[in-house]
Amino acid sequence: MSNVHVVSHPLVQHKLTLMRDKTVSTKGFRQLLNEIGMLLAYEVTRDLPIELIEVETPLAKTMQPTIAGKKLVFAPILRAGTGFLDGMLNLVPSARVAHVGLYRDPQTLEAVEYYFKAPTDVAERLVIVMDPMLATGNSAIAALDRLKRRGVRDMRFVCLLAAPEGVERLTNAHPDVEIWTAAIDEKLNDHGYIVPGLGDAGDRMFGTK
Ligand code: URA
């Protein structure tokens, strides 16, 4: 799967293992998701173009690298996607944020939109769409569809865990969008949960259920 990047960094893998443990507290789960968000932001921005600009140090004028090209928008899919947001904003504090509100119909597992708000210039930016769990792929596909309808052409998708089924569906629907994930698990179960996974990411983040 050439457009999927599995982030095998030991820190990411270690933190993900801690998050899978069902005894981890809400506070611990949220903290780990935040930390992994920061590490994934580092990876998903690894190939951003740079250009040289002139800087005057106390000693001399010099040409040094700076990030060039499109500005960033982070687009968490509500609600679990917000778990990544603070970590990502820690690394890129000037990024704009778009919110995509989708819930999963428990019967059909289809994504239903209830909220959408994006910066007015979102179409000119690189948009990093984020959701911890890429399960059926329905929410991710719906979010990318929605952003494309707003004119966005340049997008990347970041998740914590993916099911092979979700990766395949997302790749088929949006072959132009590359995916970053910490792991691809074994399968989806009959209820659309990733196995072995970590359960319901939103519930574990917010202590709901
Ligand atoms: N959403 C979750 O939070 N967990 C899953 O396993 C699948 C979808």
# chains A, B, ... in the order shown; residues from 1 in each chain; ligands from 1
>>> closest_atom_pairs(of="segment 54-76 of chain A", to="segment 156-171 of chain A", cutoff="12 Å", atoms="only C-alpha atoms", output="CSV")
residue,atom,partner,partner_atom,distance
A:Leu72,CA,A:Arg156,CA,10.7
A:Val73,CA,A:Arg156,CA,10.5
A:Phe74,CA,A:Arg156,CA,9.8
A:Ala75,CA,A:Phe157,CA,9.3
A:Pro76,CA,A:Val158,CA,9.5
>>> write_last_selection(atoms="N, CA and C atoms", output="compact mmCIF listing (two decimals), in the first residue's frame")
# COMPACT_ATOMS: atom_id res chain seq x y z
N LEU A 72 -0.96 25.53 6.59
CA LEU A 72 -1.67 24.32 7.03
C LEU A 72 -3.02 24.60 7.66
N VAL A 73 -3.91 23.65 7.46
CA VAL A 73 -5.17 23.58 8.23
C VAL A 73 -5.22 22.20 8.87
N PHE A 74 -5.50 22.14 10.15
CA PHE A 74 -5.77 20.86 10.81
C PHE A 74 -7.28 20.68 10.85
N ALA A 75 -7.75 19.51 10.44
CA ALA A 75 -9.19 19.27 10.37
C ALA A 75 -9.55 18.01 11.16
N PRO A 76 -9.80 18.16 12.48
CA PRO A 76 -10.24 16.99 13.24
C PRO A 76 -11.68 16.62 12.91
>>> select_by_dssp(residues="segment 80-199 of chain A", states="strand (DSSP E)", output="PyMOL selection string")
chain A and resi 96-97+99-104+111-117+126-130+133-134+154-158+161-162+178-181+183-184+187-188+194-195
>>> write_last_selection(atoms="N, CA and C atoms", output="short mmCIF file (atom, residue, chain, number, x, y, z; two decimals), in the first residue's frame")
data_model
loop_
_atom_site.label_atom_id
_atom_site.label_comp_id
_atom_site.auth_asym_id
_atom_site.auth_seq_id
_atom_site.Cartn_x
_atom_site.Cartn_y
_atom_site.Cartn_z
N ARG A 96 -4.37 26.85 10.96
CA ARG A 96 -5.80 27.11 11.14
C ARG A 96 -6.48 25.78 11.43
N VAL A 97 -7.72 25.84 11.89
CA VAL A 97 -8.44 24.61 12.25
C VAL A 97 -9.81 24.59 11.58
N HIS A 99 -13.38 22.24 11.61
CA HIS A 99 -14.05 21.17 12.36
C HIS A 99 -15.05 20.47 11.44
N VAL A 100 -14.98 19.16 11.43
CA VAL A 100 -15.93 18.37 10.63
C VAL A 100 -16.69 17.47 11.60
N GLY A 101 -17.96 17.77 11.79
CA GLY A 101 -18.78 17.01 12.75
C GLY A 101 -19.51 15.88 12.05
N LEU A 102 -19.14 14.66 12.36
CA LEU A 102 -19.77 13.48 11.76
C LEU A 102 -20.05 12.48 12.87
N TYR A 103 -21.18 11.82 12.84
CA TYR A 103 -21.35 10.69 13.76
C TYR A 103 -21.66 9.44 12.95
N ARG A 104 -21.38 8.32 13.57
CA ARG A 104 -21.55 7.05 12.89
C ARG A 104 -22.92 6.48 13.26
N ALA A 111 -21.65 7.56 7.86
CA ALA A 111 -21.32 8.83 8.50
C ALA A 111 -22.42 9.85 8.22
N VAL A 112 -22.88 10.54 9.28
CA VAL A 112 -23.91 11.56 9.13
C VAL A 112 -23.30 12.90 9.58
N GLU A 113 -23.38 13.93 8.70
CA GLU A 113 -22.76 15.23 9.06
C GLU A 113 -23.70 16.05 9.92
N TYR A 114 -23.16 16.64 11.01
CA TYR A 114 -23.98 17.56 11.82
C TYR A 114 -23.31 18.91 12.00
N TYR A 115 -22.06 19.07 11.57
CA TYR A 115 -21.37 20.36 11.74
C TYR A 115 -20.23 20.45 10.75
N PHE A 116 -20.04 21.65 10.19
CA PHE A 116 -18.87 21.87 9.34
C PHE A 116 -18.49 23.33 9.39
N LYS A 117 -17.27 23.62 9.75
CA LYS A 117 -16.79 25.01 9.79
C LYS A 117 -15.31 25.02 9.43
N LEU A 126 -2.92 23.38 2.66
CA LEU A 126 -2.75 21.92 2.81
C LEU A 126 -3.54 21.52 4.05
N VAL A 127 -4.47 20.59 3.88
CA VAL A 127 -5.37 20.21 4.98
C VAL A 127 -4.98 18.83 5.52
N ILE A 128 -4.71 18.78 6.82
CA ILE A 128 -4.40 17.51 7.49
C ILE A 128 -5.66 17.08 8.23
N VAL A 129 -6.32 16.06 7.70
CA VAL A 129 -7.57 15.56 8.31
C VAL A 129 -7.19 14.50 9.33
N MET A 130 -7.81 14.55 10.51
CA MET A 130 -7.39 13.61 11.57
C MET A 130 -8.56 12.97 12.29
N MET A 133 -9.33 6.70 14.70
CA MET A 133 -9.64 5.34 14.25
C MET A 133 -10.13 5.34 12.80
N LEU A 134 -9.39 4.69 11.92
CA LEU A 134 -9.85 4.50 10.53
C LEU A 134 -10.43 3.09 10.48
N ASP A 154 -5.51 19.58 -1.70
CA ASP A 154 -4.28 19.03 -1.15
C ASP A 154 -4.56 18.56 0.29
N MET A 155 -4.68 17.23 0.46
CA MET A 155 -5.04 16.72 1.79
C MET A 155 -4.20 15.51 2.17
N ARG A 156 -4.03 15.34 3.49
CA ARG A 156 -3.39 14.16 4.05
C ARG A 156 -4.29 13.68 5.18
N PHE A 157 -4.26 12.37 5.46
CA PHE A 157 -5.12 11.83 6.53
C PHE A 157 -4.23 11.18 7.59
N VAL A 158 -4.49 11.54 8.85
CA VAL A 158 -3.70 10.99 9.95
C VAL A 158 -4.62 10.25 10.91
N LEU A 161 -4.90 4.31 14.55
CA LEU A 161 -5.06 2.90 14.20
C LEU A 161 -5.93 2.77 12.97
N ALA A 162 -5.61 1.82 12.11
CA ALA A 162 -6.43 1.60 10.92
C ALA A 162 -6.77 0.13 10.81
N GLU A 178 -2.77 10.68 0.92
CA GLU A 178 -1.90 9.74 1.63
C GLU A 178 -2.31 9.63 3.09
N ILE A 179 -2.04 8.45 3.67
CA ILE A 179 -2.49 8.14 5.03
C ILE A 179 -1.27 7.92 5.92
N TRP A 180 -1.30 8.51 7.12
CA TRP A 180 -0.29 8.23 8.16
C TRP A 180 -1.00 7.56 9.33
N THR A 181 -0.47 6.42 9.78
CA THR A 181 -1.07 5.71 10.91
C THR A 181 0.05 5.09 11.75
N ALA A 183 -0.45 2.15 13.29
CA ALA A 183 -0.53 0.69 13.07
C ALA A 183 -1.73 0.36 12.20
N ILE A 184 -1.60 -0.77 11.49
CA ILE A 184 -2.75 -1.34 10.78
C ILE A 184 -3.06 -2.64 11.49
N LYS A 187 -8.36 -6.61 11.78
CA LYS A 187 -9.65 -6.62 11.06
C LYS A 187 -10.67 -5.74 11.77
N LEU A 188 -11.84 -5.63 11.13
CA LEU A 188 -13.01 -5.01 11.76
C LEU A 188 -13.91 -6.12 12.27
N ILE A 194 -12.38 -1.90 15.43
CA ILE A 194 -11.09 -2.44 15.01
C ILE A 194 -10.62 -3.45 16.06
N VAL A 195 -10.14 -4.62 15.58
CA VAL A 195 -9.65 -5.71 16.44
C VAL A 195 -8.17 -5.96 16.13
#
>>> residues_near_ligand(ligand="ligand 1", cutoff="8 Å", atoms="only C-alpha atoms and all ligand atoms", output="PyMOL selection string")
chain A and resi 80+132-136+188+192-195+197-203
>>> closest_residue(among="A:Asp131, A:Glu54, A:Glu110, A:Glu43", to="Phe84 of chain A", atoms="only C-alpha atoms")
A:Asp131
>>> closest_atom_pairs(of="segment 40-111 of chain A", to="segment 6-14 of chain A", cutoff="12 Å", atoms="only C-alpha atoms", output="Markdown table")
| residue | atom | partner | partner_atom | distance |
| --- | --- | --- | --- | --- |
| A:Leu40 | CA | A:Val7 | CA | 7.6 |
| A:Ala41 | CA | A:Val7 | CA | 10.9 |
| A:Tyr42 | CA | A:Val7 | CA | 10.4 |
| A:Glu43 | CA | A:Val7 | CA | 7.5 |
| A:Val44 | CA | A:Val7 | CA | 9.5 |
| A:Arg46 | CA | A:Val7 | CA | 11.8 |
>>> closest_residue(among="A:Leu39, A:Leu59, A:Val122, A:Ala140", to="Leu91 of chain A", atoms="only C-alpha atoms")
A:Leu39
>>> closest_residue(among="A:His191, A:Glu56, A:Val24, A:Met88", to="Pro106 of chain A", atoms="only C-alpha atoms")
A:His191
>>> atom_distance(atom1="atom CA of Arg153 of chain A", atom2="atom CA of Ile141 of chain A")
14.2 Å
>>> select_by_dssp(residues="chain A", states="helix (DSSP H, G or I)", output="PyMOL selection string")
chain A and resi 10-20+26-44+82-91+122-124+138-149+164-173+201-206
